[in-house]
file final_5.tsv (TSV, C-alpha atoms)
chain	number	residue	atom	x	y	z
A	940	MET	CA	-175.56	-14.27	49.65
A	941	ILE	CA	-178.42	-14.71	47.22
A	942	LEU	CA	-180.76	-12.12	45.75
A	943	LYS	CA	-184.45	-12.35	46.56
A	944	ASN	CA	-186.71	-14.12	44.08
A	945	GLN	CA	-188.51	-10.83	43.73
A	946	VAL	CA	-185.49	-9.44	41.88
A	947	GLU	CA	-186.02	-12.10	39.20
A	948	TRP	CA	-189.75	-11.39	39.08
A	949	ALA	CA	-189.29	-7.61	38.91
A	950	LEU	CA	-186.80	-7.96	36.05
A	951	HIS	CA	-189.16	-10.20	34.07
A	952	CYS	CA	-192.13	-7.90	34.69
A	953	CYS	CA	-190.17	-4.83	33.63
A	954	ALA	CA	-189.05	-6.71	30.50
A	955	VAL	CA	-192.72	-7.34	29.70
A	956	MET	CA	-193.57	-3.66	30.24
A	957	ALA	CA	-190.69	-2.61	27.99
A	958	ALA	CA	-192.39	-4.51	25.16
A	959	LEU	CA	-195.90	-3.06	25.67
A	960	PRO	CA	-197.37	-0.93	22.89
A	961	GLU	CA	-197.56	2.83	23.62
A	962	GLY	CA	-200.23	3.70	26.18
A	963	LYS	CA	-200.87	0.10	27.29
A	964	ARG	CA	-200.69	-1.26	30.82
A	965	VAL	CA	-200.46	-4.77	32.19
A	966	SER	CA	-202.22	-5.93	35.35
A	967	THR	CA	-200.59	-7.57	38.36
A	968	LYS	CA	-202.94	-10.52	37.83
A	969	ALA	CA	-201.79	-10.99	34.22
A	970	LEU	CA	-198.13	-10.65	35.23
A	971	SER	CA	-198.54	-13.19	38.03
A	972	GLN	CA	-200.29	-15.72	35.79
A	973	PHE	CA	-197.87	-15.16	32.92
A	974	HIS	CA	-194.86	-15.84	35.15
A	975	GLY	CA	-196.53	-18.43	37.40
A	976	VAL	CA	-195.71	-16.58	40.61
A	977	PRO	CA	-197.96	-15.72	43.58
A	978	LYS	CA	-199.86	-12.45	43.02
A	979	GLU	CA	-199.46	-11.22	46.61
A	980	TYR	CA	-195.67	-11.50	46.61
A	981	LEU	CA	-195.40	-10.18	43.08
A	982	SER	CA	-197.41	-7.11	44.20
A	983	LYS	CA	-194.67	-6.27	46.67
A	984	ALA	CA	-192.00	-6.47	44.00
A	985	LEU	CA	-194.06	-4.25	41.72
A	986	GLN	CA	-194.63	-1.77	44.55
A	987	ALA	CA	-190.88	-1.63	45.11
A	988	VAL	CA	-190.11	-0.76	41.48
A	989	SER	CA	-193.02	1.68	41.53
A	990	GLN	CA	-191.72	3.43	44.65
A	991	ALA	CA	-188.34	3.71	42.96
A	992	GLY	CA	-190.02	5.59	40.11
A	993	LEU	CA	-189.27	2.94	37.48
A	994	VAL	CA	-192.89	1.94	36.76
A	995	GLU	CA	-196.25	3.55	37.43
A	996	GLY	CA	-199.42	1.77	38.38
A	997	THR	CA	-203.08	2.69	38.27
A	998	LEU	CA	-205.98	0.98	40.01
A	999	GLY	CA	-209.32	-0.04	38.58
A	1000	PRO	CA	-210.57	-2.53	35.98
A	1001	LYS	CA	-208.39	-1.04	33.22
A	1002	GLY	CA	-205.55	-0.34	35.61
A	1003	GLY	CA	-202.12	-1.84	35.62
A	1004	TYR	CA	-198.45	-1.07	35.31
A	1005	ARG	CA	-196.29	0.48	32.64
A	1006	LEU	CA	-192.74	1.84	32.62
A	1007	ALA	CA	-192.43	5.33	34.08
A	1008	ARG	CA	-189.59	6.22	31.71
A	1009	ASN	CA	-187.96	4.99	28.53
A	1010	ALA	CA	-186.63	1.45	28.51
A	1011	ALA	CA	-183.23	2.87	27.55
A	1012	ASP	CA	-183.21	4.85	30.80
A	1013	ILE	CA	-183.92	1.95	33.17
A	1014	SER	CA	-180.94	-0.24	34.02
A	1015	PHE	CA	-180.76	-3.66	35.60
A	1016	LEU	CA	-179.14	-1.94	38.57
A	1017	ASP	CA	-182.15	0.37	38.97
A	1018	ILE	CA	-184.42	-2.66	39.27
A	1019	VAL	CA	-182.10	-4.70	41.50
A	1020	GLU	CA	-181.62	-1.75	43.87
A	1021	ALA	CA	-185.35	-1.01	43.90
A	1022	VAL	CA	-185.99	-4.49	45.31
A	1023	GLU	CA	-182.83	-5.14	47.32
A	1024	GLY	CA	-181.97	-1.64	48.47
A	1025	ARG	CA	-178.72	0.19	47.87
A	1026	ARG	CA	-176.71	-1.07	50.80
A	1027	ASN	CA	-173.27	-2.33	49.94
A	1028	THR	CA	-173.02	-6.13	49.92
A	1029	PHE	CA	-170.09	-5.84	52.34
A	1030	ASN	CA	-170.83	-4.28	55.70
A	1031	CYS	CA	-167.60	-3.16	57.37
A	1032	THR	CA	-168.09	-3.10	61.14
A	1033	GLU	CA	-164.57	-1.70	61.72
A	1034	ILE	CA	-163.43	-4.60	63.87
A	1035	ARG	CA	-159.83	-3.43	63.47
A	1036	GLY	CA	-160.82	-0.66	65.92
A	1037	ASN	CA	-161.20	-3.36	68.63
A	1038	ASN	CA	-157.46	-4.14	68.49
A	1039	PRO	CA	-156.32	-4.09	72.15
A	1040	CYS	CA	-152.92	-2.74	71.08
A	1041	LEU	CA	-154.33	0.55	69.82
A	1042	GLU	CA	-153.15	2.93	72.52
A	1043	ASP	CA	-155.40	5.89	71.98
A	1044	GLN	CA	-158.32	3.83	70.69
A	1045	GLN	CA	-158.50	6.19	67.73
A	1046	LYS	CA	-159.96	4.66	64.64
A	1047	PRO	CA	-157.69	4.96	61.61
A	1048	ALA	CA	-158.76	7.68	59.21
A	1049	LYS	CA	-158.43	5.59	56.05
A	1050	PRO	CA	-161.06	2.92	55.38
A	1051	CYS	CA	-159.90	-0.61	56.15
A	1052	ALA	CA	-157.97	-2.26	53.29
A	1053	ILE	CA	-160.25	-5.29	53.46
A	1054	ALA	CA	-163.36	-3.15	53.13
A	1055	ARG	CA	-161.84	-1.21	50.23
A	1056	ILE	CA	-161.27	-4.42	48.27
A	1057	MET	CA	-164.73	-5.77	49.08
A	1058	TRP	CA	-166.32	-2.48	48.04
A	1059	GLN	CA	-164.40	-2.48	44.74
A	1060	ALA	CA	-165.84	-5.91	44.00
A	1061	ASP	CA	-169.33	-4.70	44.89
A	1062	GLU	CA	-168.86	-1.76	42.54
A	1063	ALA	CA	-167.73	-4.07	39.71
A	1064	TRP	CA	-170.99	-5.99	40.16
A	1065	ARG	CA	-173.04	-2.78	40.12
A	1066	ASP	CA	-171.12	-1.45	37.10
A	1067	LYS	CA	-172.13	-4.50	35.08
A	1068	LEU	CA	-175.78	-4.11	36.08
A	1069	ARG	CA	-175.68	-0.37	35.41
A	1070	ALA	CA	-174.41	-0.98	31.88
A	1071	VAL	CA	-177.45	-2.96	30.74
A	1072	SER	CA	-180.78	-1.24	30.11
A	1073	LEU	CA	-184.23	-2.71	29.52
A	1074	LEU	CA	-183.82	-1.65	25.89
A	1075	ASP	CA	-180.64	-3.74	25.61
A	1076	LEU	CA	-182.56	-6.65	27.12
A	1077	GLN	CA	-185.40	-6.13	24.66
A	1078	ASP	CA	-182.93	-6.29	21.75
A	1079	THR	CA	-181.59	-9.58	23.10
A	1080	LEU	CA	-185.05	-11.06	23.62
A	1081	VAL	CA	-186.05	-10.20	20.04
A	1082	ARG	CA	-183.02	-12.19	18.88
A	1083	ASP	CA	-183.58	-15.06	21.35
A	1084	VAL	CA	-187.34	-15.60	21.16
A	1085	PRO	CA	-189.29	-16.40	17.98
A	1086	ALA	CA	-191.36	-13.39	16.81
A	1087	ASP	CA	-194.66	-15.30	16.84
A	1088	GLN	CA	-194.10	-16.33	20.44
A	1089	LEU	CA	-193.42	-12.73	21.48
A	1090	GLN	CA	-196.57	-11.59	19.67
A	1091	LYS	CA	-198.69	-14.34	21.20
A	1092	SER	CA	-197.42	-13.46	24.67
A	1093	ALA	CA	-198.11	-9.74	24.16
A	1094	ASP	CA	-201.66	-10.50	22.94
A	1095	TRP	CA	-202.27	-12.81	25.91
A	1096	LEU	CA	-201.00	-10.26	28.47
A	1097	LEU	CA	-203.15	-7.45	27.07
A	1098	SER	CA	-206.26	-9.62	26.82
A	1099	GLN	CA	-206.34	-10.39	30.55
B	399	MET	CA	-178.23	-8.87	49.73
B	400	ILE	CA	-175.52	-8.51	52.35
B	401	LEU	CA	-172.64	-10.84	53.15
B	402	LYS	CA	-172.52	-12.44	56.60
B	403	ASN	CA	-170.42	-10.74	59.27
B	404	GLN	CA	-168.40	-13.92	59.35
B	405	VAL	CA	-166.97	-13.03	55.94
B	406	GLU	CA	-165.47	-9.88	57.47
B	407	TRP	CA	-164.16	-11.83	60.45
B	408	ALA	CA	-162.67	-14.61	58.32
B	409	LEU	CA	-160.90	-12.08	56.10
B	410	HIS	CA	-159.40	-10.29	59.11
B	411	CYS	CA	-158.33	-13.56	60.74
B	412	CYS	CA	-156.69	-14.79	57.54
B	413	ALA	CA	-154.91	-11.43	57.23
B	414	VAL	CA	-153.52	-11.96	60.74
B	415	MET	CA	-152.39	-15.49	59.86
B	416	ALA	CA	-150.71	-14.22	56.69
B	417	ALA	CA	-148.49	-12.05	58.92
B	418	LEU	CA	-147.50	-14.80	61.39
B	419	PRO	CA	-143.85	-15.81	61.58
B	420	GLU	CA	-143.00	-19.21	60.09
B	421	GLY	CA	-144.28	-22.09	62.21
B	422	LYS	CA	-146.47	-19.97	64.48
B	423	ARG	CA	-150.19	-20.42	65.14
B	424	VAL	CA	-152.80	-18.12	66.60
B	425	SER	CA	-155.62	-19.30	68.85
B	426	THR	CA	-159.33	-18.74	68.34
B	427	LYS	CA	-159.41	-17.01	71.72
B	428	ALA	CA	-156.66	-14.56	70.73
B	429	LEU	CA	-158.34	-13.89	67.37
B	430	SER	CA	-161.71	-13.26	69.03
B	431	GLN	CA	-160.25	-10.89	71.62
B	432	PHE	CA	-158.09	-9.11	69.07
B	433	HIS	CA	-161.10	-8.43	66.82
B	434	GLY	CA	-163.65	-8.01	69.59
B	435	VAL	CA	-166.01	-10.64	68.19
B	436	PRO	CA	-167.75	-13.53	69.97
B	437	LYS	CA	-165.54	-16.63	70.13
B	438	GLU	CA	-168.35	-19.12	69.43
B	439	TYR	CA	-169.41	-17.43	66.19
B	440	LEU	CA	-165.83	-16.79	65.16
B	441	SER	CA	-165.14	-20.52	65.61
B	442	LYS	CA	-167.71	-21.27	62.93
B	443	ALA	CA	-166.09	-18.87	60.49
B	444	LEU	CA	-162.68	-20.42	61.20
B	445	GLN	CA	-164.11	-23.91	60.73
B	446	ALA	CA	-165.50	-22.85	57.36
B	447	VAL	CA	-162.13	-21.61	56.09
B	448	SER	CA	-160.52	-24.71	57.57
B	449	GLN	CA	-162.94	-27.03	55.79
B	450	ALA	CA	-162.17	-25.19	52.55
B	451	GLY	CA	-158.49	-26.04	53.04
B	452	LEU	CA	-157.37	-22.43	53.44
B	453	VAL	CA	-156.22	-22.70	57.06
B	454	GLU	CA	-155.33	-25.57	59.35
B	455	GLY	CA	-156.05	-25.79	63.03
B	456	THR	CA	-154.70	-27.88	65.88
B	457	LEU	CA	-156.15	-28.43	69.33
B	458	GLY	CA	-154.42	-28.22	72.69
B	459	PRO	CA	-152.76	-25.52	74.78
B	460	LYS	CA	-150.28	-24.63	72.02
B	461	GLY	CA	-152.86	-25.19	69.27
B	462	GLY	CA	-154.30	-22.67	66.93
B	463	TYR	CA	-154.66	-21.75	63.31
B	464	ARG	CA	-152.24	-20.94	60.53
B	465	LEU	CA	-152.58	-20.69	56.75
B	466	ALA	CA	-152.63	-24.01	54.97
B	467	ARG	CA	-150.90	-22.60	51.91
B	468	ASN	CA	-148.95	-19.53	50.82
B	469	ALA	CA	-150.64	-16.16	51.26
B	470	ALA	CA	-150.10	-15.57	47.54
B	471	ASP	CA	-152.23	-18.64	46.81
B	472	ILE	CA	-155.26	-17.65	48.89
B	473	SER	CA	-157.60	-15.13	47.28
B	474	PHE	CA	-160.36	-13.02	48.76
B	475	LEU	CA	-162.74	-15.15	46.70
B	476	ASP	CA	-161.46	-18.34	48.36
B	477	ILE	CA	-162.32	-16.89	51.77
B	478	VAL	CA	-165.68	-15.37	50.75
B	479	GLU	CA	-166.77	-18.64	49.11
B	480	ALA	CA	-165.57	-20.67	52.10
B	481	VAL	CA	-168.00	-18.76	54.32
B	482	GLU	CA	-170.84	-17.95	51.91
B	483	GLY	CA	-170.73	-20.94	49.62
B	484	ARG	CA	-170.31	-20.92	45.87
B	485	ARG	CA	-173.90	-20.46	44.83
B	486	ASN	CA	-174.48	-17.74	42.29
B	487	THR	CA	-175.98	-14.59	43.78
B	488	PHE	CA	-178.76	-14.79	41.18
B	489	ASN	CA	-180.95	-17.86	41.32
B	490	CYS	CA	-182.82	-18.29	38.01
B	491	THR	CA	-186.03	-20.22	38.64
B	492	GLU	CA	-186.89	-20.26	34.91
B	493	ILE	CA	-190.21	-18.47	35.33
B	494	ARG	CA	-190.31	-17.86	31.57
B	495	GLY	CA	-191.18	-21.56	31.34
B	496	ASN	CA	-194.50	-20.79	33.04
B	497	ASN	CA	-195.64	-18.65	30.08
B	498	PRO	CA	-199.15	-19.92	29.24
B	499	CYS	CA	-198.53	-19.22	25.56
B	500	LEU	CA	-195.81	-21.84	25.24
B	501	GLU	CA	-197.62	-24.50	23.25
B	502	ASP	CA	-195.48	-27.53	23.87
B	503	GLN	CA	-194.35	-26.44	27.36
B	504	GLN	CA	-190.78	-27.07	26.28
B	505	LYS	CA	-188.26	-24.98	28.08
B	506	PRO	CA	-186.01	-22.96	25.77
B	507	ALA	CA	-182.55	-24.47	25.35
B	508	LYS	CA	-180.62	-21.22	25.82
B	509	PRO	CA	-180.39	-19.76	29.34
B	510	CYS	CA	-182.71	-16.83	29.95
B	511	ALA	CA	-181.29	-13.47	28.82
B	512	ILE	CA	-182.03	-11.97	32.25
B	513	ALA	CA	-180.13	-14.74	34.02
B	514	ARG	CA	-177.19	-14.40	31.61
B	515	ILE	CA	-176.82	-10.70	32.46
B	516	MET	CA	-177.18	-11.31	36.21
B	517	TRP	CA	-174.59	-14.10	36.05
B	518	GLN	CA	-172.14	-11.87	34.17
B	519	ALA	CA	-172.45	-9.30	36.98
B	520	ASP	CA	-171.88	-12.03	39.58
B	521	GLU	CA	-168.80	-13.14	37.68
B	522	ALA	CA	-167.45	-9.58	37.57
B	523	TRP	CA	-167.76	-9.48	41.38
B	524	ARG	CA	-165.99	-12.83	41.74
B	525	ASP	CA	-163.28	-11.80	39.25
B	526	LYS	CA	-162.40	-8.80	41.44
B	527	LEU	CA	-162.22	-10.98	44.55
B	528	ARG	CA	-160.23	-13.66	42.72
B	529	ALA	CA	-157.64	-11.07	41.68
B	530	VAL	CA	-156.61	-10.11	45.22
B	531	SER	CA	-154.56	-12.48	47.37
B	532	LEU	CA	-153.73	-12.36	51.07
B	533	LEU	CA	-150.20	-11.40	50.02
B	534	ASP	CA	-151.56	-8.38	48.12
B	535	LEU	CA	-153.51	-7.46	51.23
B	536	GLN	CA	-150.43	-7.84	53.38
B	537	ASP	CA	-148.52	-5.45	51.10
B	538	THR	CA	-151.31	-2.89	51.48
B	539	LEU	CA	-151.47	-3.28	55.26
B	540	VAL	CA	-147.72	-2.72	55.56
B	541	ARG	CA	-148.22	0.58	53.72
B	542	ASP	CA	-151.37	1.55	55.67
B	543	VAL	CA	-150.46	0.63	59.23
B	544	PRO	CA	-147.42	1.97	61.16
B	545	ALA	CA	-144.73	-0.71	61.57
B	546	ASP	CA	-144.66	-0.45	65.37
B	547	GLN	CA	-148.40	-1.05	65.53
B	548	LEU	CA	-148.09	-4.14	63.35
B	549	GLN	CA	-145.27	-5.45	65.53
B	550	LYS	CA	-147.15	-4.75	68.76
B	551	SER	CA	-150.22	-6.54	67.41
B	552	ALA	CA	-148.17	-9.56	66.31
B	553	ASP	CA	-146.49	-9.76	69.74
B	554	TRP	CA	-149.85	-9.49	71.52
B	555	LEU	CA	-151.45	-12.20	69.36
B	556	LEU	CA	-148.60	-14.65	69.92
B	557	SER	CA	-148.44	-14.00	73.67
B	558	GLN	CA	-152.04	-15.09	74.27
call {"tool": "encode", "arguments": {"input": "final_5.tsv", "output": "structure tokens"}}
result
Amino acid sequence: MILKNQVEWALHCCAVMAALPEGKRVSTKALSQFHGVPKEYLSKALQAVSQAGLVEGTLGPKGGYRLARNAADISFLDIVEAVEGRRNTFNCTEIRGNNPCLEDQQKPAKPCAIARIMWQADEAWRDKLRAVSLLDLQDTLVRDVPADQLQKSADWLLSQ
Amino acid sequence: MILKNQVEWALHCCAVMAALPEGKRVSTKALSQFHGVPKEYLSKALQAVSQAGLVEGTLGPKGGYRLARNAADISFLDIVEAVEGRRNTFNCTEIRGNNPCLEDQQKPAKPCAIARIMWQADEAWRDKLRAVSLLDLQDTLVRDVPADQLQKSADWLLSQ
């Protein structure tokens, strides 16, 4: 069970957008060159986060993407779910209902104990992702990456 | 990102084995009929948990599977990883290293902040699964399922 590469790409692109100066946009072409990923596949990831209302894109020579809301209001979970969907990682197909010893073939009312445990684990994963916003990430990146490198990258992205 | 159906099947089969009387085994055929799942695919799931050392199987007319260690010493995570593998759900391909502004093309020493957050979420998921053993599950099932139904199921499984 491994997340699509587009989750990684979408997270990196949203991190870039969170650092853009007010009113600026970044093009798909610049984002694809900056991250060294194929433009066509990256477009799909950007469309997914756009459809989820996390970013907004405009067409044209000065077009591009920017966040659709504050970086503090976009979580890792928002981005992961935009690309991967919201389906639980554990799909209970209720195989206990196939038990040949069930006389009336009624399915038990309570969800299966196995599914309940698997869903709790899924929720723990989502809780962690929900707790981190793009603003939190930005704070970490400012500590991790030298300031001149961040500035150079921002200049490069906006010059494309 | 959804777990294979075989994870569900393996968990249910191990739950059955955890309830077997001392010295008893249950056949693949009985497990497949009991859960209403195809025997050939179920065999692969059982082989996976067998290769991970969680269950042991014998061939022959009286052959079958049983747990290879105490139910208290087999966690949900053991079973999930036996079927799905141990790879992290987030695969960091280090796309930040493709940044055209990196002068010396050296990759940063510290793991990417995005990957660190994704890995923490993965670990939270695994922690939850690691914390629940087959014995814990058994305790829950005894509370959830009427005793006569458990007994009837056990009798059916061992009579096949």
call {"tool": "closest_residue", "arguments": {"input": "final_5.tsv", "among": "A:Leu970, A:Cys1040, A:Val1019, A:Ala949", "to": "chain B", "atoms": "only C-alpha atoms"}}
result
A:Cys1040
call {"tool": "calpha_fit_and_write", "arguments": {"input": "final_5.tsv", "fixed": "chain B", "moving": "chain A", "output": "tab-separated table (two decimals) with C-alpha atoms, keeping the file's coordinate frame"}}
result
chain	number	residue	atom	x	y	z
A	940	MET	CA	-178.22	-8.88	49.73
A	941	ILE	CA	-175.51	-8.52	52.34
A	942	LEU	CA	-172.63	-10.83	53.16
A	943	LYS	CA	-172.51	-12.43	56.59
A	944	ASN	CA	-170.41	-10.74	59.27
A	945	GLN	CA	-168.39	-13.92	59.36
A	946	VAL	CA	-166.97	-13.04	55.94
A	947	GLU	CA	-165.48	-9.88	57.47
A	948	TRP	CA	-164.16	-11.83	60.45
A	949	ALA	CA	-162.68	-14.61	58.32
A	950	LEU	CA	-160.89	-12.08	56.11
A	951	HIS	CA	-159.40	-10.28	59.11
A	952	CYS	CA	-158.32	-13.55	60.74
A	953	CYS	CA	-156.70	-14.79	57.55
A	954	ALA	CA	-154.92	-11.42	57.23
A	955	VAL	CA	-153.53	-11.96	60.73
A	956	MET	CA	-152.38	-15.49	59.85
A	957	ALA	CA	-150.70	-14.21	56.69
A	958	ALA	CA	-148.49	-12.04	58.90
A	959	LEU	CA	-147.51	-14.79	61.39
A	960	PRO	CA	-143.85	-15.80	61.58
A	961	GLU	CA	-143.01	-19.23	60.08
A	962	GLY	CA	-144.28	-22.11	62.20
A	963	LYS	CA	-146.49	-19.97	64.47
A	964	ARG	CA	-150.19	-20.41	65.12
A	965	VAL	CA	-152.81	-18.12	66.59
A	966	SER	CA	-155.62	-19.30	68.85
A	967	THR	CA	-159.34	-18.72	68.32
A	968	LYS	CA	-159.40	-17.01	71.72
A	969	ALA	CA	-156.66	-14.55	70.71
A	970	LEU	CA	-158.35	-13.88	67.36
A	971	SER	CA	-161.71	-13.27	69.03
A	972	GLN	CA	-160.25	-10.88	71.61
A	973	PHE	CA	-158.09	-9.10	69.05
A	974	HIS	CA	-161.09	-8.42	66.80
A	975	GLY	CA	-163.66	-8.00	69.59
A	976	VAL	CA	-166.01	-10.63	68.20
A	977	PRO	CA	-167.76	-13.53	69.97
A	978	LYS	CA	-165.53	-16.63	70.14
A	979	GLU	CA	-168.35	-19.10	69.43
A	980	TYR	CA	-169.41	-17.43	66.19
A	981	LEU	CA	-165.83	-16.78	65.15
A	982	SER	CA	-165.15	-20.53	65.60
A	983	LYS	CA	-167.71	-21.28	62.92
A	984	ALA	CA	-166.09	-18.88	60.49
A	985	LEU	CA	-162.69	-20.42	61.19
A	986	GLN	CA	-164.11	-23.92	60.73
A	987	ALA	CA	-165.50	-22.85	57.36
A	988	VAL	CA	-162.13	-21.61	56.08
A	989	SER	CA	-160.51	-24.71	57.56
A	990	GLN	CA	-162.94	-27.03	55.78
A	991	ALA	CA	-162.18	-25.20	52.56
A	992	GLY	CA	-158.51	-26.06	53.04
A	993	LEU	CA	-157.37	-22.44	53.43
A	994	VAL	CA	-156.21	-22.70	57.06
A	995	GLU	CA	-155.34	-25.58	59.35
A	996	GLY	CA	-156.07	-25.80	63.03
A	997	THR	CA	-154.70	-27.89	65.86
A	998	LEU	CA	-156.18	-28.41	69.32
A	999	GLY	CA	-154.46	-28.22	72.67
A	1000	PRO	CA	-152.78	-25.51	74.77
A	1001	LYS	CA	-150.31	-24.62	72.00
A	1002	GLY	CA	-152.88	-25.19	69.29
A	1003	GLY	CA	-154.32	-22.67	66.92
A	1004	TYR	CA	-154.67	-21.74	63.29
A	1005	ARG	CA	-152.25	-20.95	60.52
A	1006	LEU	CA	-152.60	-20.68	56.74
A	1007	ALA	CA	-152.64	-24.03	54.96
A	1008	ARG	CA	-150.91	-22.58	51.90
A	1009	ASN	CA	-148.96	-19.52	50.84
A	1010	ALA	CA	-150.63	-16.16	51.26
A	1011	ALA	CA	-150.09	-15.56	47.54
A	1012	ASP	CA	-152.22	-18.62	46.80
A	1013	ILE	CA	-155.26	-17.64	48.88
A	1014	SER	CA	-157.61	-15.12	47.27
A	1015	PHE	CA	-160.36	-13.02	48.76
A	1016	LEU	CA	-162.75	-15.14	46.70
A	1017	ASP	CA	-161.47	-18.33	48.35
A	1018	ILE	CA	-162.33	-16.90	51.76
A	1019	VAL	CA	-165.67	-15.38	50.75
A	1020	GLU	CA	-166.77	-18.65	49.11
A	1021	ALA	CA	-165.58	-20.68	52.09
A	1022	VAL	CA	-168.00	-18.77	54.32
A	1023	GLU	CA	-170.83	-17.95	51.92
A	1024	GLY	CA	-170.73	-20.96	49.63
A	1025	ARG	CA	-170.31	-20.92	45.87
A	1026	ARG	CA	-173.90	-20.46	44.82
A	1027	ASN	CA	-174.49	-17.74	42.29
A	1028	THR	CA	-175.98	-14.58	43.79
A	1029	PHE	CA	-178.76	-14.79	41.19
A	1030	ASN	CA	-180.97	-17.86	41.32
A	1031	CYS	CA	-182.83	-18.28	38.04
A	1032	THR	CA	-186.04	-20.23	38.65
A	1033	GLU	CA	-186.90	-20.27	34.92
A	1034	ILE	CA	-190.21	-18.48	35.34
A	1035	ARG	CA	-190.31	-17.86	31.59
A	1036	GLY	CA	-191.18	-21.58	31.35
A	1037	ASN	CA	-194.53	-20.79	33.06
A	1038	ASN	CA	-195.64	-18.67	30.08
A	1039	PRO	CA	-199.16	-19.94	29.25
A	1040	CYS	CA	-198.55	-19.23	25.55
A	1041	LEU	CA	-195.81	-21.85	25.24
A	1042	GLU	CA	-197.60	-24.54	23.26
A	1043	ASP	CA	-195.42	-27.53	23.89
A	1044	GLN	CA	-194.33	-26.41	27.35
A	1045	GLN	CA	-190.75	-27.03	26.27
A	1046	LYS	CA	-188.22	-24.95	28.09
A	1047	PRO	CA	-185.98	-22.95	25.77
A	1048	ALA	CA	-182.54	-24.45	25.35
A	1049	LYS	CA	-180.61	-21.21	25.83
A	1050	PRO	CA	-180.38	-19.77	29.35
A	1051	CYS	CA	-182.70	-16.83	29.96
A	1052	ALA	CA	-181.28	-13.47	28.84
A	1053	ILE	CA	-182.02	-11.98	32.25
A	1054	ALA	CA	-180.12	-14.74	34.03
A	1055	ARG	CA	-177.18	-14.40	31.63
A	1056	ILE	CA	-176.81	-10.71	32.48
A	1057	MET	CA	-177.18	-11.32	36.21
A	1058	TRP	CA	-174.60	-14.10	36.07
A	1059	GLN	CA	-172.15	-11.86	34.18
A	1060	ALA	CA	-172.44	-9.32	36.98
A	1061	ASP	CA	-171.89	-12.03	39.58
A	1062	GLU	CA	-168.80	-13.15	37.70
A	1063	ALA	CA	-167.45	-9.57	37.59
A	1064	TRP	CA	-167.76	-9.48	41.38
A	1065	ARG	CA	-165.98	-12.83	41.74
A	1066	ASP	CA	-163.27	-11.79	39.26
A	1067	LYS	CA	-162.39	-8.81	41.44
A	1068	LEU	CA	-162.21	-10.97	44.56
A	1069	ARG	CA	-160.21	-13.64	42.73
A	1070	ALA	CA	-157.63	-11.06	41.69
A	1071	VAL	CA	-156.61	-10.11	45.23
A	1072	SER	CA	-154.55	-12.48	47.37
A	1073	LEU	CA	-153.72	-12.35	51.07
A	1074	LEU	CA	-150.19	-11.40	50.03
A	1075	ASP	CA	-151.54	-8.37	48.13
A	1076	LEU	CA	-153.52	-7.45	51.25
A	1077	GLN	CA	-150.42	-7.84	53.40
A	1078	ASP	CA	-148.51	-5.44	51.11
A	1079	THR	CA	-151.31	-2.90	51.49
A	1080	LEU	CA	-151.47	-3.27	55.27
A	1081	VAL	CA	-147.71	-2.71	55.57
A	1082	ARG	CA	-148.20	0.57	53.71
A	1083	ASP	CA	-151.35	1.54	55.65
A	1084	VAL	CA	-150.45	0.63	59.23
A	1085	PRO	CA	-147.44	1.97	61.15
A	1086	ALA	CA	-144.72	-0.71	61.56
A	1087	ASP	CA	-144.65	-0.45	65.36
A	1088	GLN	CA	-148.39	-1.05	65.53
A	1089	LEU	CA	-148.11	-4.15	63.35
A	1090	GLN	CA	-145.27	-5.45	65.53
A	1091	LYS	CA	-147.15	-4.75	68.75
A	1092	SER	CA	-150.22	-6.55	67.42
A	1093	ALA	CA	-148.17	-9.57	66.31
A	1094	ASP	CA	-146.48	-9.77	69.74
A	1095	TRP	CA	-149.85	-9.49	71.50
A	1096	LEU	CA	-151.47	-12.22	69.35
A	1097	LEU	CA	-148.61	-14.67	69.91
A	1098	SER	CA	-148.44	-14.00	73.65
A	1099	GLN	CA	-152.03	-15.10	74.28
call {"tool": "closest_atom_pairs", "arguments": {"input": "final_5.tsv", "of": "stretch 414-491 of chain B", "to": "stretch 1051-1060 of chain A", "cutoff": "12 Å", "atoms": "all atoms listed in the file", "output": "tab-separated table"}}
result
residue	atom	partner	partner_atom	distance
B:Val414	CA	A:Ile1053	CA	11.9
B:Ser473	CA	A:Ile1056	CA	11.4
B:Phe474	CA	A:Met1057	CA	8.5
B:Leu475	CA	A:Met1057	CA	9.9
B:Ile477	CA	A:Met1057	CA	11.7
B:Val478	CA	A:Met1057	CA	9.8
call {"tool": "residues_near_point", "arguments": {"input": "final_5.tsv", "point": "(-147.4, -14.3, 66.7)", "cutoff": "8 Å", "atoms": "all atoms listed in the file", "output": "count of residues only"}}
result
11
call {"tool": "closest_residue", "arguments": {"input": "final_5.tsv", "among": "B:Phe488, B:Glu482, B:Gln445, B:Glu438", "to": "B:Asp520", "atoms": "only C-alpha atoms"}}
result
B:Phe488
call {"tool": "atom_distance", "arguments": {"input": "final_5.tsv", "atom1": "atom CA of B:Ser441", "atom2": "atom CA of B:Arg541"}}
result
29.5 Å
call {"tool": "atom_distance", "arguments": {"input": "final_5.tsv", "atom1": "atom CA of B:Lys427", "atom2": "atom CA of B:Glu454"}}
result
15.6 Å
call {"tool": "atom_distance", "arguments": {"input": "final_5.tsv", "atom1": "atom CA of B:Glu420", "atom2": "atom CA of B:Lys460"}}
result
15.0 Å
call {"tool": "closest_residue", "arguments": {"input": "final_5.tsv", "among": "B:Ala466, B:Ala507, B:Cys412, B:Ala417", "to": "B:Val540", "atoms": "all atoms listed in the file"}}
result
B:Ala417
call {"tool": "closest_residue", "arguments": {"input": "final_5.tsv", "among": "B:Ala470, B:Asp476, B:Thr426, B:Pro436", "to": "B:Thr456", "atoms": "only C-alpha atoms"}}
result
B:Thr426
